[in-house]
Amino acid sequence: MFWLDIFTTYLYGLKTIAVAVAVVIFISSLDDLFIDLVYWCRRIWRRCFVYTRHRPMGPDALMAQEEQPLAIMVPAWQEHGVVGAMAQLAATTLDYENYHIFIGTYPNDPQTQAEVEQVRARFPNMHSVVCARPGPTSKADCLNNVLEAIWQFEQRSGMAFAGFILHDAEDVLSPLELRLFNHLVGRKDLIQLPVYPLERPLFDLTGGHYLDEFAEMHAKDVVVREALVGQVPSAGVGTCFSRRAIAALREQGNGMAFDTQSLTEDYNIGFRLKQLGMKEAFVRFPDFTPGNQPGHPQALRHWGRSARQASMVAVREFFPNTVGAAVRQKSRWITGIVIQGYRTLGWTPGAAMNYFLWRDRKGVITNFASFLGSLLAVQLLAIWAYQQLVPDSYRFLSIFQGERWFSLLLAANFVLMLNRVVQRMYFVTANYGLAQGLMAVPRLLWGNLVNFLANWRAVAQALKAQDIRRMAWAKTDHDFPSLGDAARPQQALEQVLLEQRALTPERLQHAQRYPMRGLSLGQALVHRGEISGLQLAAAIAAQHRLDSESLQGKPASGEMATRVPCAIALHYRVLPLREEGDVLVVACETPLDPVSFAALQRKLRRPVRCVVAPTGEVTVELRRLYDPEETEPAHELLAQAVHQRHLTATQARSLWLRYVSRQVQLSDVLLALGAIDPAVLATVLLRQERAGIGLGELLVQQGVIATETLSEARRVQRGLQPTMAQLLYGARTVSHAPLLLAHDQ
């Protein structure tokens, strides 16, 4: 019959395609099998012969090393709703203090800029970098702008970053990440952490197939790659470059470290650094510090999860969970790694490196082959079902029989496919538990479809593009895990003062029109007597959702001062007041930012609660308790005046309030004068804790300010804060009563 002839011809064509697909899959599967064998042999060898002689390094070794300055670079195009949450989570969870986050935004993206500005108001180590050109340009172009801003910040602060870290706006960082980079950056030029997608619901096939791919790739494939050729591809996040590496990349790129015409500039950098003789490392470091252990979950969903794998220091994030978004993201990867990568990198003289280049690029073939294999399997199953269900049916499958080599090829592919399934299930289970490991099987088929569509889109775009090196930044929309108690925008201090009726609008306008040199607005209001120090403290406390508390003229306890070392107390400008159980209550005039607050608790190794004290109270007591040689005996002078009946107790209390409220820190004066910005000050204060010299001297020594600027700031400070002797002399003059004090003599 005519239809039978057509169908038979179709089947012969199907067989030809099946043979070609089977050969491609066989070659690719042998390639994967080689990686499997190397991985497992290496793992067994290290367990039997390496770890028995050398104990693996623990987190204590990371904690013991002095913190070097690190810079985190975050490109952000249309990342409002994400970048602020990322910065907040990083600042409150990272077990590190000496770092800065530079967020690159665009002039035509006001929403992201506004969110970054809100973050900057709370975190002095956050920096907003507005790119020169409107977006979207490319991720590399944004990073180049960020690097330029980092150089400028280094010149202002007199510091030099030891490491430069790549992150995206949706990344969730491990607490020990910066500790690990700090430990390795002096010996390695590119350090890459594993990337593990955050878990999606079990039946979210699109979001889940990312779990499967990264779980296997970053636990096995990249490990083998580093072991065999010493080259590590940057994932674009969780990558730390040494200063030497960034300098070499900038020199090679004529001032541009990142290739602005590449969609996957991070991937290319790994090869560029390897060609320059740099050392690269892929680091898998388990974090078993208290509070970070995964425990032993009872639910079947997480049964089988490895405690070591689940606690790995890694970058975690939500990957796309819609087909369209996944296809766009993966097509960008394919274009950058396979198509652009082949044009720019070509092949190398080394066979081993070329092998891994082949593995990176084979996807452009195997993605099509895997999808075609799936389609062939569906059709052959349908034909098989027809033959089983229809009596006296045509034996169409006989066309695929009779050739022993083909049968052996299919049998080999079946065995290799089982190996792939077992490998995938093992690594997914180790990271996410048995339930996700079982779901990895159906997700293999779904992943084939997504990869095929991404492949098709990448090839189509490449064919349409006039210049493959000039393609737009196809950004992926990002999700970020809920933080629970999300940070609310901080209210302006003047608005709080008005709401608390501590100030009238007219008096506020007058203070804003006539500022006092060397003082912030709040300090100037207190100096002028417009508001009291207690009112200012209450307003600042409400602004930061804290409590306010006054010392009421009583000296702080010298015994409590021993709870906080001098260098720490002066660095964070906190005064220990009392203990409430295990919690140490400290007073401050300016609330600590979340980064500093977390660092303070780590250094004191106990929970801390901050209360806001009236302006000057903490300053006076810090000078008395921690720097008595440079401080006049204000309490003693006032007590002596009362004892000699030159002042009444009421007058003494009033004079004390006047004295305290006019004491200002040198750092506050420098900030108010615009001689230094808060981010630079935070950096220098961190160095001062270890330097053991005064802030002014350190600022001059580091080249942050000139000697003349320091002298001027000190002159302004002396003019703003009277000594107790001066106040007592003024009181004596007003009362026309003799006041002979030992201090005057």
# chains A, B, ... in the order shown; residues from 1 in each chain; ligands from 1
$ residues_around --residues "Ala71 in chain A" --least-positions-apart "6" --cutoff "9 Å" --atoms "only C-alpha atoms" --output "list in words"
Asn98, Tyr99, His100, Ile101, Phe102, Ile150, Phe161, Ala162, Gly163, Phe164, Ile165 and Leu166 of chain A
$ residues_around --residues "Ala281 in chain A" --least-positions-apart "5" --cutoff "8 Å" --atoms "only C-alpha atoms" --output "JSON, numbers by chain"
{"A": [188, 190, 191, 192, 226, 230, 231, 232]}
$ closest_residue --among "A:Gln512, A:Ser548, A:Ser311, A:Asn125" --to "Leu534 in chain A" --atoms "only C-alpha atoms"
A:Ser548
$ select_by_dssp --residues "range 36-164 of chain A" --states "strand (DSSP E)" --output "PyMOL selection string"
chain A and resi 70-75+99-105+126-130+163-164
$ write_last_selection --atoms "all heavy atoms" --output "compact mmCIF listing (two decimals), in the first residue's frame"
# COMPACT_ATOMS: atom_id res chain seq x y z
N LEU A 70 38.78 43.36 51.21
CA LEU A 70 38.24 42.68 50.04
C LEU A 70 37.13 43.53 49.43
O LEU A 70 36.37 44.18 50.14
CB LEU A 70 37.69 41.29 50.42
CG LEU A 70 38.69 40.30 51.05
CD1 LEU A 70 37.96 39.04 51.49
CD2 LEU A 70 39.81 39.97 50.08
N ALA A 71 37.04 43.50 48.11
CA ALA A 71 36.02 44.27 47.38
C ALA A 71 35.08 43.30 46.67
O ALA A 71 35.54 42.41 45.94
CB ALA A 71 36.67 45.21 46.38
N ILE A 72 33.78 43.47 46.89
CA ILE A 72 32.76 42.67 46.21
C ILE A 72 32.15 43.53 45.11
O ILE A 72 31.69 44.64 45.37
CB ILE A 72 31.69 42.18 47.19
CG1 ILE A 72 32.32 41.28 48.26
CG2 ILE A 72 30.58 41.43 46.45
CD1 ILE A 72 31.34 40.83 49.33
N MET A 73 32.13 43.01 43.89
CA MET A 73 31.62 43.76 42.73
C MET A 73 30.29 43.14 42.28
O MET A 73 30.23 41.95 41.99
CB MET A 73 32.64 43.72 41.59
CG MET A 73 34.02 44.24 42.00
SD MET A 73 35.22 44.23 40.63
CE MET A 73 35.46 42.46 40.43
N VAL A 74 29.26 43.98 42.22
CA VAL A 74 27.92 43.50 41.87
C VAL A 74 27.37 44.33 40.71
O VAL A 74 27.03 45.50 40.90
CB VAL A 74 26.96 43.59 43.07
CG1 VAL A 74 25.58 43.05 42.69
CG2 VAL A 74 27.52 42.82 44.27
N PRO A 75 27.27 43.78 39.50
CA PRO A 75 26.61 44.51 38.41
C PRO A 75 25.09 44.42 38.58
O PRO A 75 24.56 43.36 38.87
CB PRO A 75 27.08 43.76 37.16
CG PRO A 75 27.36 42.36 37.65
CD PRO A 75 27.80 42.48 39.07
N TYR A 99 35.51 44.57 54.41
CA TYR A 99 35.11 44.42 53.01
C TYR A 99 34.19 45.56 52.60
O TYR A 99 33.58 46.22 53.44
CB TYR A 99 34.42 43.07 52.77
CG TYR A 99 33.01 42.99 53.31
CD1 TYR A 99 31.91 43.23 52.48
CD2 TYR A 99 32.76 42.69 54.64
CE1 TYR A 99 30.62 43.16 52.97
CE2 TYR A 99 31.47 42.62 55.14
CZ TYR A 99 30.41 42.86 54.30
OH TYR A 99 29.12 42.80 54.79
N HIS A 100 34.12 45.77 51.29
CA HIS A 100 33.24 46.79 50.72
C HIS A 100 32.51 46.19 49.53
O HIS A 100 33.08 45.39 48.79
CB HIS A 100 34.03 48.03 50.30
CG HIS A 100 34.57 48.82 51.45
ND1 HIS A 100 33.99 49.98 51.89
CD2 HIS A 100 35.64 48.61 52.27
CE1 HIS A 100 34.68 50.46 52.91
NE2 HIS A 100 35.68 49.63 53.16
N ILE A 101 31.26 46.58 49.36
CA ILE A 101 30.45 46.12 48.23
C ILE A 101 30.24 47.30 47.29
O ILE A 101 29.71 48.34 47.70
CB ILE A 101 29.10 45.54 48.69
CG1 ILE A 101 29.33 44.32 49.59
CG2 ILE A 101 28.26 45.15 47.49
CD1 ILE A 101 28.05 43.68 50.09
N PHE A 102 30.64 47.13 46.05
CA PHE A 102 30.47 48.16 45.01
C PHE A 102 29.41 47.67 44.03
O PHE A 102 29.60 46.65 43.36
CB PHE A 102 31.80 48.40 44.30
CG PHE A 102 32.88 48.98 45.17
CD1 PHE A 102 33.64 48.15 45.99
CD2 PHE A 102 33.12 50.34 45.20
CE1 PHE A 102 34.63 48.67 46.81
CE2 PHE A 102 34.11 50.87 46.03
CZ PHE A 102 34.86 50.03 46.83
N ILE A 103 28.31 48.39 43.96
CA ILE A 103 27.17 47.99 43.14
C ILE A 103 27.10 48.89 41.92
O ILE A 103 26.93 50.11 42.04
CB ILE A 103 25.86 48.06 43.94
CG1 ILE A 103 25.97 47.20 45.21
CG2 ILE A 103 24.69 47.57 43.09
CD1 ILE A 103 24.78 47.32 46.14
N GLY A 104 27.23 48.29 40.74
CA GLY A 104 27.19 49.05 39.50
C GLY A 104 25.77 49.21 38.98
O GLY A 104 25.08 48.22 38.73
N THR A 105 25.32 50.45 38.83
CA THR A 105 23.98 50.73 38.32
C THR A 105 24.10 51.58 37.05
O THR A 105 25.20 51.93 36.62
CB THR A 105 23.13 51.47 39.37
OG1 THR A 105 23.76 52.74 39.65
CG2 THR A 105 23.03 50.67 40.65
N MET A 126 28.84 50.06 51.66
CA MET A 126 28.17 49.90 50.37
C MET A 126 28.44 51.13 49.51
O MET A 126 28.38 52.26 50.00
CB MET A 126 26.66 49.71 50.54
CG MET A 126 26.27 48.57 51.44
SD MET A 126 26.56 46.97 50.67
CE MET A 126 26.25 45.89 52.07
N HIS A 127 28.69 50.92 48.23
CA HIS A 127 29.01 52.02 47.33
C HIS A 127 28.16 51.89 46.06
O HIS A 127 28.03 50.81 45.50
CB HIS A 127 30.49 51.99 46.95
CG HIS A 127 31.41 51.96 48.12
ND1 HIS A 127 32.03 53.08 48.61
CD2 HIS A 127 31.83 50.93 48.90
CE1 HIS A 127 32.79 52.75 49.65
NE2 HIS A 127 32.68 51.44 49.84
N SER A 128 27.62 53.00 45.64
CA SER A 128 26.86 53.04 44.39
C SER A 128 27.76 53.55 43.28
O SER A 128 28.38 54.61 43.41
CB SER A 128 25.63 53.95 44.54
OG SER A 128 24.95 54.06 43.31
N VAL A 129 27.83 52.80 42.20
CA VAL A 129 28.64 53.17 41.04
C VAL A 129 27.70 53.32 39.84
O VAL A 129 27.06 52.35 39.44
CB VAL A 129 29.72 52.12 40.73
CG1 VAL A 129 30.55 52.55 39.53
CG2 VAL A 129 30.60 51.86 41.94
N VAL A 130 27.59 54.53 39.30
CA VAL A 130 26.72 54.76 38.14
C VAL A 130 27.59 54.69 36.89
O VAL A 130 28.54 55.46 36.73
CB VAL A 130 26.01 56.12 38.23
CG1 VAL A 130 25.11 56.32 37.02
CG2 VAL A 130 25.21 56.21 39.53
N GLY A 163 41.70 41.35 47.35
CA GLY A 163 40.92 40.47 46.49
C GLY A 163 39.71 41.19 45.92
O GLY A 163 39.15 42.10 46.55
N PHE A 164 39.30 40.77 44.72
CA PHE A 164 38.15 41.37 44.02
C PHE A 164 37.19 40.23 43.69
O PHE A 164 37.54 39.31 42.96
CB PHE A 164 38.62 42.08 42.75
CG PHE A 164 39.64 43.17 43.02
CD1 PHE A 164 40.98 42.86 43.23
CD2 PHE A 164 39.25 44.49 43.08
CE1 PHE A 164 41.91 43.84 43.48
CE2 PHE A 164 40.19 45.49 43.34
CZ PHE A 164 41.51 45.17 43.54
$ residues_around --residues "His80 in chain A" --least-positions-apart "4" --cutoff "10 Å" --atoms "only C-alpha atoms" --output "PDB file with N, CA and C atoms, in the first residue's frame"
ATOM      1  N   ALA A  76      24.408  45.533  38.409  1.00  0.00           N
ATOM      2  CA  ALA A  76      22.965  45.544  38.674  1.00  0.00           C
ATOM      3  C   ALA A  76      22.237  46.361  37.611  1.00  0.00           C
ATOM      4  N   GLY A  84      18.884  45.277  47.143  1.00  0.00           N
ATOM      5  CA  GLY A  84      18.848  45.734  48.524  1.00  0.00           C
ATOM      6  C   GLY A  84      18.805  44.580  49.508  1.00  0.00           C
ATOM      7  N   ALA A  85      17.995  43.570  49.187  1.00  0.00           N
ATOM      8  CA  ALA A  85      17.904  42.397  50.060  1.00  0.00           C
ATOM      9  C   ALA A  85      19.216  41.635  50.090  1.00  0.00           C
ATOM     10  N   ASP A 109      18.354  53.694  35.000  1.00  0.00           N
ATOM     11  CA  ASP A 109      17.694  52.709  35.865  1.00  0.00           C
ATOM     12  C   ASP A 109      17.507  53.329  37.248  1.00  0.00           C
ATOM     13  N   PRO A 110      16.620  54.328  37.357  1.00  0.00           N
ATOM     14  CA  PRO A 110      16.493  55.072  38.622  1.00  0.00           C
ATOM     15  C   PRO A 110      15.984  54.219  39.778  1.00  0.00           C
ATOM     16  N   GLN A 111      15.168  53.199  39.491  1.00  0.00           N
ATOM     17  CA  GLN A 111      14.636  52.383  40.581  1.00  0.00           C
ATOM     18  C   GLN A 111      15.746  51.618  41.298  1.00  0.00           C
ATOM     19  N   THR A 112      16.655  51.013  40.526  1.00  0.00           N
ATOM     20  CA  THR A 112      17.765  50.296  41.152  1.00  0.00           C
ATOM     21  C   THR A 112      18.679  51.274  41.876  1.00  0.00           C
ATOM     22  N   GLN A 113      18.926  52.438  41.265  1.00  0.00           N
ATOM     23  CA  GLN A 113      19.755  53.452  41.926  1.00  0.00           C
ATOM     24  C   GLN A 113      19.154  53.874  43.263  1.00  0.00           C
ATOM     25  N   ALA A 114      17.841  54.075  43.295  1.00  0.00           N
ATOM     26  CA  ALA A 114      17.183  54.508  44.527  1.00  0.00           C
ATOM     27  C   ALA A 114      17.314  53.441  45.610  1.00  0.00           C
ATOM     28  N   GLU A 115      17.194  52.189  45.224  1.00  0.00           N
ATOM     29  CA  GLU A 115      17.313  51.108  46.207  1.00  0.00           C
ATOM     30  C   GLU A 115      18.735  51.018  46.752  1.00  0.00           C
ATOM     31  N   VAL A 116      19.712  51.190  45.881  1.00  0.00           N
ATOM     32  CA  VAL A 116      21.103  51.153  46.334  1.00  0.00           C
ATOM     33  C   VAL A 116      21.381  52.321  47.272  1.00  0.00           C
ATOM     34  N   ALA A 169      23.334  40.139  41.911  1.00  0.00           N
ATOM     35  CA  ALA A 169      22.439  40.764  42.879  1.00  0.00           C
ATOM     36  C   ALA A 169      21.559  39.759  43.606  1.00  0.00           C
ATOM     37  N   HIS A 478      15.520  38.036  38.431  1.00  0.00           N
ATOM     38  CA  HIS A 478      15.978  37.264  39.579  1.00  0.00           C
ATOM     39  C   HIS A 478      14.981  37.311  40.728  1.00  0.00           C
TER      40      HIS A 478
END
$ residues_around --residues "Arg718 in chain A" --least-positions-apart "2" --cutoff "12 Å" --atoms "only C-alpha atoms" --output "ChimeraX atom specification"
/A:518,662-666,669,711-716,720-723,726
$ residues_around --residues "Met312 in chain A" --least-positions-apart "6" --cutoff "8 Å" --atoms "only C-alpha atoms" --output "list of chain:residue names"
A:Arg284, A:Phe285, A:Pro286, A:Asp287
$ residues_around --residues "Leu409 in chain A" --least-positions-apart "5" --cutoff "8 Å" --atoms "only C-alpha atoms" --output "list in words"
Ala22, Val23 and Phe26 of chain A
